[in-house]
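So this one's target-v9.csv, CSV, C-alpha atoms:
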chain,number,residue,atom,x,y,z
A,81,MET,CA,-10.6,30.2,17.2
A,82,LEU,CA,-13.5,30.6,19.7
A,83,PHE,CA,-14.3,26.9,19.3
A,84,MET,CA,-10.7,25.9,20.1
A,85,ALA,CA,-10.5,28.4,23.0
A,86,GLY,CA,-13.7,26.9,24.5
A,87,ALA,CA,-12.4,23.4,24.2
A,88,MET,CA,-9.2,24.2,25.9
A,89,LEU,CA,-10.9,25.9,28.7
A,90,LEU,CA,-13.1,22.8,29.2
A,91,VAL,CA,-10.3,20.2,29.1
A,92,PRO,CA,-9.0,21.0,32.7
A,93,GLY,CA,-12.6,20.2,33.8
A,94,ILE,CA,-12.0,16.6,32.7
A,95,ASP,CA,-8.7,16.6,34.7
A,96,ALA,CA,-10.4,18.1,37.7
A,97,LEU,CA,-13.1,15.3,37.7
A,98,ALA,CA,-10.3,12.7,37.3
A,99,LYS,CA,-8.6,14.2,40.3
A,100,LEU,CA,-11.8,14.0,42.3
A,101,LEU,CA,-12.3,10.4,41.1
A,102,SER,CA,-8.8,9.4,42.3
A,103,ALA,CA,-10.2,9.4,45.9
A,104,GLN,CA,-12.2,6.3,44.9
A,105,LEU,CA,-10.7,4.8,41.8
A,106,SER,CA,-7.2,3.9,40.7
A,107,PRO,CA,-5.5,6.2,38.0
A,108,PHE,CA,-5.4,3.6,35.3
A,109,GLN,CA,-9.0,2.5,36.1
A,110,ILE,CA,-10.1,6.1,35.5
A,111,THR,CA,-8.2,6.2,32.3
A,112,PHE,CA,-9.7,2.9,31.1
A,113,ILE,CA,-13.2,4.1,31.7
A,114,ARG,CA,-12.4,7.5,30.0
A,115,PHE,CA,-11.2,5.8,26.8
A,116,GLY,CA,-14.0,3.3,26.9
A,117,LEU,CA,-16.5,6.1,26.8
A,118,GLN,CA,-14.6,7.9,24.1
A,119,ALA,CA,-14.3,4.7,22.0
A,120,ALA,CA,-18.1,4.0,22.4
A,121,PHE,CA,-19.0,7.6,21.3
A,122,LEU,CA,-16.6,7.9,18.4
A,123,GLY,CA,-17.1,4.3,17.2
A,124,GLY,CA,-20.9,4.8,17.2
A,125,LEU,CA,-20.5,8.1,15.3
A,126,LEU,CA,-18.3,6.4,12.7
A,127,ALA,CA,-20.6,3.4,12.4
A,128,TRP,CA,-23.6,5.7,11.9
A,129,SER,CA,-21.7,7.5,9.1
A,130,ARG,CA,-20.4,4.2,7.7
A,131,ALA,CA,-16.8,5.3,8.0
A,132,LEU,CA,-15.4,2.6,10.2
A,133,ALA,CA,-13.2,0.8,7.7
A,134,VAL,CA,-9.4,1.5,7.7
A,135,PRO,CA,-6.6,0.2,5.5
A,136,LEU,CA,-4.9,-2.8,7.1
A,137,LYS,CA,-1.5,-1.2,6.7
A,138,VAL,CA,-2.3,1.5,9.2
A,139,VAL,CA,-3.5,-0.8,12.0
A,140,PRO,CA,0.0,-1.3,13.6
A,141,ARG,CA,0.5,2.4,13.9
A,142,LEU,CA,-3.0,2.9,15.3
A,143,ALA,CA,-2.3,0.3,17.9
A,144,LEU,CA,1.1,1.9,18.7
A,145,GLY,CA,-0.5,5.3,19.0
A,146,GLY,CA,-3.3,3.9,21.2
A,147,THR,CA,-0.7,2.4,23.5
A,148,PHE,CA,1.2,5.7,23.8
A,149,VAL,CA,-1.9,7.7,24.5
A,150,ALA,CA,-3.1,5.2,27.1
A,151,ALA,CA,0.2,5.6,28.9
A,152,ALA,CA,0.1,9.4,28.5
A,153,ILE,CA,-3.3,9.9,30.1
A,154,GLY,CA,-2.6,7.2,32.7
A,155,PHE,CA,0.5,8.9,33.9
A,156,LEU,CA,-1.3,12.3,33.8
A,157,VAL,CA,-4.2,11.0,35.9
A,158,TRP,CA,-1.8,9.4,38.3
A,159,SER,CA,0.0,12.7,38.7
A,160,LEU,CA,-3.3,14.5,39.3
A,161,SER,CA,-4.0,12.1,42.2
A,162,ILE,CA,-0.9,13.5,43.9
A,163,LEU,CA,0.0,17.0,42.5
A,164,PRO,CA,-2.0,20.2,42.4
A,165,LEU,CA,-4.0,20.5,39.2
A,166,ALA,CA,-2.3,23.6,37.7
A,167,ASN,CA,1.2,22.3,38.6
A,168,ALA,CA,0.6,19.0,36.8
A,169,ILE,CA,-0.8,20.8,33.7
A,170,ALA,CA,2.1,23.2,33.7
A,171,ILE,CA,4.7,20.4,33.6
A,172,PHE,CA,2.7,18.6,31.0
A,173,PHE,CA,2.9,21.7,28.7
A,174,VAL,CA,6.4,20.7,27.6
A,175,GLU,CA,4.6,18.2,25.3
A,176,PRO,CA,4.7,20.5,22.2
A,177,LEU,CA,8.5,21.0,22.7
A,178,ILE,CA,9.1,17.2,22.9
A,179,LEU,CA,6.8,16.7,19.9
A,180,SER,CA,9.0,19.1,17.9
A,181,LEU,CA,12.1,16.9,18.7
A,182,LEU,CA,10.3,13.6,18.0
A,183,SER,CA,9.0,14.9,14.7
A,184,ALA,CA,12.5,15.8,13.6
A,185,LEU,CA,13.9,12.4,14.7
A,186,PHE,CA,11.2,10.2,13.3
A,187,LEU,CA,9.4,12.2,10.6
A,188,GLY,CA,12.3,14.0,9.1
A,189,GLU,CA,10.9,17.5,9.8
A,190,ARG,CA,13.4,20.3,9.7
A,191,VAL,CA,14.2,21.8,13.1
A,192,GLY,CA,16.7,24.7,13.1
A,193,TRP,CA,18.8,26.0,15.9
A,194,GLN,CA,16.2,28.5,16.9
A,195,ARG,CA,13.6,25.9,17.7
A,196,LEU,CA,16.2,23.6,19.4
A,197,GLY,CA,17.1,26.6,21.6
A,198,ALA,CA,13.5,27.2,22.4
A,199,VAL,CA,13.0,23.5,23.3
A,200,ALA,CA,16.0,23.6,25.6
A,201,VAL,CA,14.7,26.8,27.3
A,202,GLY,CA,11.3,25.2,27.7
A,203,LEU,CA,12.7,22.1,29.3
A,204,LEU,CA,14.6,24.3,31.7
A,205,GLY,CA,11.3,25.9,32.6
A,206,ALA,CA,9.9,22.5,33.3
A,207,LEU,CA,12.8,21.9,35.7
A,208,VAL,CA,11.9,25.2,37.5
A,209,VAL,CA,8.3,23.9,37.9
A,210,ILE,CA,9.4,20.4,38.9
A,211,ARG,CA,12.0,21.5,41.6
A,212,PRO,CA,9.6,22.8,44.3
A,213,ASN,CA,7.1,20.0,43.5
A,214,TRP,CA,9.9,17.4,43.8
A,215,ALA,CA,10.7,18.8,47.3
A,216,GLN,CA,7.0,18.4,48.3
A,217,PHE,CA,5.8,15.3,46.4
A,218,GLY,CA,9.0,13.5,45.5
A,219,ALA,CA,9.3,11.5,42.2
A,220,ALA,CA,5.6,12.0,41.5
A,221,ALA,CA,6.6,15.4,40.1
A,222,LEU,CA,8.0,13.6,37.1
A,223,LEU,CA,4.7,11.9,36.2
A,224,PRO,CA,3.4,14.8,34.1
A,225,LEU,CA,6.8,14.8,32.3
A,226,PHE,CA,6.3,11.1,31.4
A,227,ALA,CA,2.8,11.8,30.3
A,228,ALA,CA,4.1,14.6,28.0
A,229,VAL,CA,6.7,12.3,26.4
A,230,PHE,CA,4.1,9.6,25.7
A,231,TYR,CA,1.6,12.1,24.4
A,232,ALA,CA,4.1,13.6,22.1
A,233,ALA,CA,5.0,10.1,20.9
A,234,GLN,CA,1.4,9.3,20.0
A,235,LEU,CA,1.1,12.6,18.2
A,236,THR,CA,4.2,11.8,16.2
A,237,VAL,CA,2.6,8.4,15.2
A,238,PHE,CA,-0.6,10.1,14.3
A,239,ARG,CA,1.2,12.8,12.2
A,240,SER,CA,2.5,9.9,10.1
A,241,LEU,CA,-1.1,8.8,9.5
A,242,SER,CA,-2.4,12.2,8.4
A,243,GLY,CA,-2.2,11.2,4.7
A,244,ASP,CA,-4.0,7.9,5.2
A,245,LEU,CA,-6.9,8.6,7.7
A,246,SER,CA,-9.2,11.3,8.8
A,247,GLY,CA,-8.9,12.7,12.3
A,248,PRO,CA,-12.1,11.1,13.7
A,249,ARG,CA,-11.1,7.6,12.6
A,250,VAL,CA,-7.6,8.1,14.1
A,251,GLN,CA,-9.2,9.3,17.4
A,252,ALA,CA,-11.8,6.5,17.4
A,253,TYR,CA,-9.3,3.6,16.8
A,254,SER,CA,-6.7,5.1,19.1
A,255,ALA,CA,-9.4,5.1,21.8
A,256,VAL,CA,-10.3,1.5,21.0
A,257,PHE,CA,-6.7,0.3,21.2
A,258,ALA,CA,-6.1,2.4,24.4
A,259,THR,CA,-9.1,0.7,26.0
A,260,LEU,CA,-7.8,-2.7,25.1
A,261,VAL,CA,-4.2,-2.0,26.3
A,262,LEU,CA,-5.5,-0.5,29.6
A,263,GLY,CA,-7.9,-3.5,30.1
A,264,ILE,CA,-5.0,-5.9,29.8
A,265,ALA,CA,-2.8,-3.7,32.1
A,266,LEU,CA,-5.6,-3.6,34.7
A,267,LEU,CA,-5.9,-7.4,34.7
A,268,LEU,CA,-2.2,-7.9,35.0
A,269,GLY,CA,-1.5,-5.1,37.4
A,270,GLY,CA,-4.5,-5.8,39.5
A,271,ALA,CA,-3.4,-9.5,39.8
A,272,ALA,CA,0.1,-8.4,40.8
A,273,GLY,CA,-1.4,-6.1,43.5
A,274,VAL,CA,-0.2,-2.8,42.0
A,275,ASP,CA,-2.3,-0.1,43.5
A,276,GLN,CA,-2.3,2.1,40.4
A,277,PHE,CA,-4.0,-0.7,38.4
A,278,ALA,CA,-6.5,-1.9,41.1
A,279,TRP,CA,-10.2,-2.1,40.2
A,280,HIS,CA,-12.6,-0.5,42.7
A,281,PRO,CA,-16.4,-0.5,42.0
A,282,PRO,CA,-17.5,3.1,41.5
A,283,ARG,CA,-19.9,4.3,44.2
A,284,GLY,CA,-22.2,7.2,44.7
A,285,VAL,CA,-20.9,10.5,43.4
A,286,ALA,CA,-18.2,8.6,41.3
A,287,TRP,CA,-20.9,7.8,38.7
A,288,ALA,CA,-21.7,11.6,38.4
A,289,TYR,CA,-18.0,12.4,37.9
A,290,LEU,CA,-17.7,9.6,35.3
A,291,ALA,CA,-20.7,11.0,33.4
A,292,GLY,CA,-19.2,14.5,33.6
A,293,ILE,CA,-16.0,13.2,32.1
A,294,GLY,CA,-18.0,11.6,29.2
A,295,VAL,CA,-20.0,14.8,28.6
A,296,LEU,CA,-17.0,17.2,28.8
A,297,SER,CA,-14.9,14.9,26.6
A,298,THR,CA,-17.7,14.8,23.9
A,299,ILE,CA,-18.2,18.6,24.0
A,300,SER,CA,-14.5,19.3,23.8
A,301,TYR,CA,-14.0,16.8,21.0
A,302,LEU,CA,-16.8,18.4,18.9
A,303,LEU,CA,-15.5,21.9,19.5
A,304,ILE,CA,-11.9,20.9,18.5
A,305,SER,CA,-13.3,19.1,15.4
A,306,SER,CA,-15.4,22.1,14.4
A,307,ALA,CA,-12.4,24.4,14.9
A,308,LEU,CA,-10.1,22.2,12.7
A,309,LYS,CA,-12.6,22.1,9.9
A,310,ARG,CA,-12.5,25.9,9.7
A,311,THR,CA,-8.9,26.9,10.5
A,312,GLU,CA,-5.5,25.2,10.1
A,313,ALA,CA,-4.0,23.4,13.0
A,314,GLY,CA,-0.9,25.7,13.2
A,315,ILE,CA,-3.1,28.7,14.0
A,316,LEU,CA,-5.1,26.8,16.6
A,317,ALA,CA,-2.2,25.1,18.4
A,318,PRO,CA,-1.2,28.0,20.7
A,319,PHE,CA,-4.7,28.1,22.1
A,320,GLN,CA,-4.0,24.9,24.1
A,321,TYR,CA,-2.1,27.1,26.6
A,322,LEU,CA,-5.5,28.5,27.7
A,323,GLU,CA,-5.8,25.3,29.7
A,324,ILE,CA,-3.6,26.9,32.4
A,325,ILE,CA,-6.3,29.5,33.1
A,326,SER,CA,-9.1,27.1,33.9
A,327,ALA,CA,-6.7,24.6,35.5
A,328,THR,CA,-5.5,27.3,38.0
A,329,LEU,CA,-9.1,28.5,38.6
A,330,LEU,CA,-10.4,25.0,39.2
A,331,GLY,CA,-7.4,24.1,41.3
A,332,TYR,CA,-8.1,27.0,43.6
A,333,VAL,CA,-11.9,26.8,43.8
A,334,VAL,CA,-12.3,23.0,44.0
A,335,PHE,CA,-9.0,21.9,45.7
A,336,GLY,CA,-7.7,25.1,47.4
A,337,ASP,CA,-4.4,24.9,45.5
A,338,PHE,CA,-2.6,27.9,44.0
A,339,PRO,CA,0.7,27.8,42.2
A,340,ASP,CA,3.7,29.3,44.0
A,341,LEU,CA,6.0,31.9,42.4
A,342,LEU,CA,8.5,29.3,41.1
A,343,THR,CA,5.7,27.4,39.4
A,344,TRP,CA,4.4,30.5,37.7
A,345,LEU,CA,8.0,31.4,36.6
A,346,GLY,CA,8.6,28.0,35.1
A,347,THR,CA,5.1,28.0,33.5
A,348,GLY,CA,5.8,31.3,31.9
A,349,ILE,CA,9.1,30.0,30.5
A,350,ILE,CA,7.4,26.9,29.1
A,351,LEU,CA,4.6,28.9,27.5
A,352,ALA,CA,7.0,31.4,25.9
A,353,SER,CA,9.1,28.6,24.5
A,354,GLY,CA,6.1,26.7,23.2
A,355,LEU,CA,4.7,29.8,21.5
A,356,TYR,CA,8.0,30.5,19.9
A,357,VAL,CA,8.1,26.9,18.6
A,358,PHE,CA,4.6,27.3,17.1
A,359,HIS,CA,5.8,30.6,15.5
A,360,ARG,CA,8.8,29.0,13.9
A,361,GLU,CA,6.8,26.0,12.6
A,362,ARG,CA,4.3,28.3,10.9
A,363,LYS,CA,7.1,30.4,9.4
A,364,VAL,CA,8.9,27.4,8.0
A,365,ALA,CA,5.6,26.0,6.7
A,366,ARG,CA,4.9,29.2,4.8
A,367,GLN,CA,8.4,29.2,3.3
A,368,THR,CA,8.0,25.6,2.1
Would you put the structure from the file into structure tokens?
Amino acid sequence: MLFMAGAMLLVPGIDALAKLLSAQLSPFQITFIRFGLQAAFLGGLLAWSRALAVPLKVVPRLALGGTFVAAAIGFLVWSLSILPLANAIAIFFVEPLILSLLSALFLGERVGWQRLGAVAVGLLGALVVIRPNWAQFGAAALLPLFAAVFYAAQLTVFRSLSGDLSGPRVQAYSAVFATLVLGIALLLGGAAGVDQFAWHPPRGVAWAYLAGIGVLSTISYLLISSALKRTEAGILAPFQYLEIISATLLGYVVFGDFPDLLTWLGTGIILASGLYVFHRERKVARQT
């Protein structure tokens, strides 16, 4: 639990560095470099342990999951270039609620009326957070919501792979496919003149921020892996909400942003709904 808590407190540091980088680099360029670093690290780790091989039948799902996670992190970084850090993370927290719905639709998982009710309440909480941000930032307030949908979609795909592949191989190949997809998107988007896909050579402090993203990503990955080896995922999942603590702190210290009352209210609704969904999932799992 301490490993997972530590990882979740570190993850907003990656987002804060991405937000700082957005002053120099485009959102999808940052995402491309992030996944490139992740693919190099995890691919090297698997090559060293001679565990790179995967069954051919899972490659299409790995490619689909990689595409989804590329879109998810791309939209999240795009939102961070506009919205305050804690506000973007708060809206993104609807992801576990969306995951519950997608798992029911595509994986046949049982979802009772209690969980559906919690999901509905959580989505209302997201609207509470989005409303003041929409008034200030316009449609950009929806970007973390798009990120949450794509992230939940990739987790749904990877849940379907749990019986075929280990977690490290899933993460490594998803990073490889995400890097490939983002590389193609940068070429096409950059050629079309879309600002979010433009390529800008990193300069000066940008290199330090990129190195920081690589270091924090590696540390958080190792902490999460260590936690999952020792405790079941259902127990660890609620710890992801610790992100709001460091996101709020970093947003205030680094960027001078602090969530308003409506954002806190909506965040509280989302957190309560998500925790209830985790509770119901664990209860159903014990019964079955």
Using only C-alpha atoms, find each residue of segment 92-203 of chain A with at least one atom at most 10 Å away from an atom of segment 216-237 of chain A; report its shortest atom-to-atom pair and that distance in Å (one decimal), sort the rows by chain and rising residue number, and return the result as a tab-separated table.
residue	atom	partner	partner_atom	distance
A:Arg141	CA	A:Val237	CA	6.5
A:Leu142	CA	A:Val237	CA	7.8
A:Ala143	CA	A:Val237	CA	9.8
A:Leu144	CA	A:Gln234	CA	7.5
A:Gly145	CA	A:Gln234	CA	4.5
A:Gly146	CA	A:Gln234	CA	7.3
A:Thr147	CA	A:Gln234	CA	8.0
A:Phe148	CA	A:Phe230	CA	5.2
A:Val149	CA	A:Tyr231	CA	5.6
A:Ala150	CA	A:Phe230	CA	8.6
A:Ala151	CA	A:Phe230	CA	6.4
A:Ala152	CA	A:Ala227	CA	4.0
A:Ile153	CA	A:Ala227	CA	6.4
A:Gly154	CA	A:Ala227	CA	7.5
A:Phe155	CA	A:Ala227	CA	5.2
A:Leu156	CA	A:Pro224	CA	5.3
A:Val157	CA	A:Pro224	CA	8.7
A:Trp158	CA	A:Leu223	CA	7.3
A:Ser159	CA	A:Leu223	CA	5.4
A:Leu160	CA	A:Pro224	CA	8.5
A:Ser161	CA	A:Ala220	CA	9.6
A:Ile162	CA	A:Ala220	CA	7.1
A:Leu163	CA	A:Phe217	CA	7.2
A:Asn167	CA	A:Ala221	CA	8.9
A:Ala168	CA	A:Pro224	CA	5.7
A:Ile169	CA	A:Pro224	CA	7.3
A:Ala170	CA	A:Pro224	CA	8.5
A:Ile171	CA	A:Pro224	CA	5.8
A:Phe172	CA	A:Pro224	CA	5.0
A:Phe173	CA	A:Ala228	CA	7.2
A:Val174	CA	A:Ala228	CA	6.5
A:Glu175	CA	A:Ala228	CA	4.5
A:Pro176	CA	A:Ala232	CA	6.9
A:Leu177	CA	A:Ala232	CA	8.6
A:Ile178	CA	A:Ala232	CA	6.2
A:Leu179	CA	A:Ala232	CA	4.7
A:Ser180	CA	A:Ala232	CA	8.5
A:Leu181	CA	A:Ala232	CA	9.3
A:Leu182	CA	A:Thr236	CA	6.6
A:Ser183	CA	A:Thr236	CA	5.9
A:Ala184	CA	A:Thr236	CA	9.6
A:Leu185	CA	A:Thr236	CA	9.8
A:Phe186	CA	A:Thr236	CA	7.7
A:Leu187	CA	A:Thr236	CA	7.7
A:Leu203	CA	A:Leu225	CA	9.9
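Put simply, atom CA of Tyr253 of chain A is 21.4 Å away from atom CA of Ala87 of chain A.
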| field | Between atom CA of Phe115 of chain A and atom CA of Ser254 of chain A - distance in Å to one decimal | value |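 Interatomic distance here is 8.9 Å.
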| said: If I take atom CA of Gly269 of chain A and atom CA of Phe108 of chain A, how far is one from the other in Å, to one decimal? | reply: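 The value is 9.8 Å.
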| task | Name the residues in contact with segment 247-251 of chain A at a cut-off of 12 Å, using only C-alpha atoms, excluding same-chain residues fewer than 5 positions from it; report them as a ChimeraX atom specification. | result | /A:115,118-127,129-135,138-139,141-146,149,234-235,237-242,256-258,301-302,304-306,308-309,313
Would you mind exporting C-alpha atoms of the selected residues as a PDB file, in the frame of the given file?
ATOM      1  CA  PHE A 115     -11.200   5.800  26.800  1.00  0.00           C
ATOM      2  CA  GLN A 118     -14.600   7.900  24.100  1.00  0.00           C
ATOM      3  CA  ALA A 119     -14.300   4.700  22.000  1.00  0.00           C
ATOM      4  CA  ALA A 120     -18.100   4.000  22.400  1.00  0.00           C
ATOM      5  CA  PHE A 121     -19.000   7.600  21.300  1.00  0.00           C
ATOM      6  CA  LEU A 122     -16.600   7.900  18.400  1.00  0.00           C
ATOM      7  CA  GLY A 123     -17.100   4.300  17.200  1.00  0.00           C
ATOM      8  CA  GLY A 124     -20.900   4.800  17.200  1.00  0.00           C
ATOM      9  CA  LEU A 125     -20.500   8.100  15.300  1.00  0.00           C
ATOM     10  CA  LEU A 126     -18.300   6.400  12.700  1.00  0.00           C
ATOM     11  CA  ALA A 127     -20.600   3.400  12.400  1.00  0.00           C
ATOM     12  CA  SER A 129     -21.700   7.500   9.100  1.00  0.00           C
ATOM     13  CA  ARG A 130     -20.400   4.200   7.700  1.00  0.00           C
ATOM     14  CA  ALA A 131     -16.800   5.300   8.000  1.00  0.00           C
ATOM     15  CA  LEU A 132     -15.400   2.600  10.200  1.00  0.00           C
ATOM     16  CA  ALA A 133     -13.200   0.800   7.700  1.00  0.00           C
ATOM     17  CA  VAL A 134      -9.400   1.500   7.700  1.00  0.00           C
ATOM     18  CA  PRO A 135      -6.600   0.200   5.500  1.00  0.00           C
ATOM     19  CA  VAL A 138      -2.300   1.500   9.200  1.00  0.00           C
ATOM     20  CA  VAL A 139      -3.500  -0.800  12.000  1.00  0.00           C
ATOM     21  CA  ARG A 141       0.500   2.400  13.900  1.00  0.00           C
ATOM     22  CA  LEU A 142      -3.000   2.900  15.300  1.00  0.00           C
ATOM     23  CA  ALA A 143      -2.300   0.300  17.900  1.00  0.00           C
ATOM     24  CA  LEU A 144       1.100   1.900  18.700  1.00  0.00           C
ATOM     25  CA  GLY A 145      -0.500   5.300  19.000  1.00  0.00           C
ATOM     26  CA  GLY A 146      -3.300   3.900  21.200  1.00  0.00           C
ATOM     27  CA  VAL A 149      -1.900   7.700  24.500  1.00  0.00           C
ATOM     28  CA  GLN A 234       1.400   9.300  20.000  1.00  0.00           C
ATOM     29  CA  LEU A 235       1.100  12.600  18.200  1.00  0.00           C
ATOM     30  CA  VAL A 237       2.600   8.400  15.200  1.00  0.00           C
ATOM     31  CA  PHE A 238      -0.600  10.100  14.300  1.00  0.00           C
ATOM     32  CA  ARG A 239       1.200  12.800  12.200  1.00  0.00           C
ATOM     33  CA  SER A 240       2.500   9.900  10.100  1.00  0.00           C
ATOM     34  CA  LEU A 241      -1.100   8.800   9.500  1.00  0.00           C
ATOM     35  CA  SER A 242      -2.400  12.200   8.400  1.00  0.00           C
ATOM     36  CA  VAL A 256     -10.300   1.500  21.000  1.00  0.00           C
ATOM     37  CA  PHE A 257      -6.700   0.300  21.200  1.00  0.00           C
ATOM     38  CA  ALA A 258      -6.100   2.400  24.400  1.00  0.00           C
ATOM     39  CA  TYR A 301     -14.000  16.800  21.000  1.00  0.00           C
ATOM     40  CA  LEU A 302     -16.800  18.400  18.900  1.00  0.00           C
ATOM     41  CA  ILE A 304     -11.900  20.900  18.500  1.00  0.00           C
ATOM     42  CA  SER A 305     -13.300  19.100  15.400  1.00  0.00           C
ATOM     43  CA  SER A 306     -15.400  22.100  14.400  1.00  0.00           C
ATOM     44  CA  LEU A 308     -10.100  22.200  12.700  1.00  0.00           C
ATOM     45  CA  LYS A 309     -12.600  22.100   9.900  1.00  0.00           C
ATOM     46  CA  ALA A 313      -4.000  23.400  13.000  1.00  0.00           C
TER      47      ALA A 313
END
| task | Find the spatial neighbours of Leu82 of chain A, counting all atoms listed in the file, within a cut-off of 9 Å - ignore same-chain residues fewer than 2 positions away - and output them as number ranges by chain. | result | A: 84-87, 303, 307
| task | Measuring atom to atom with only C-alpha atoms, identify which of A:Ala317, A:Ile324, A:Leu268, A:Leu136 is nearest to Asp95 of chain A. | result |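 When distances to Asp95 of chain A are compared using only C-alpha atoms, the smallest one comes from A:Ile324.
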| request: For Ala96 of chain A, please output as a list in words all residues within 9 Å (counting all atoms listed in the file; exclusion window: fewer than 4 positions along the same chain). | output: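 Here the qualifying residues turn out to be Val91, Pro92, Leu100, Leu101, Leu160, Leu165, Ala327, Leu330, Gly331, Val334 and Phe335 of chain A.
Shortest atom-to-atom contact with Arg362 of chain A among A:Arg114, A:Arg195, A:Asp337, A:Gly202: A:Arg195, counting all atoms listed in the file.
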| task | Would you please work out which residue, of A:Val201, A:Ile325, A:Met88, A:Leu290, is nearest to Val357 of chain A when using only C-alpha atoms? | result |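 Counting only C-alpha atoms, the residue closest to Val357 of chain A is A:Val201.
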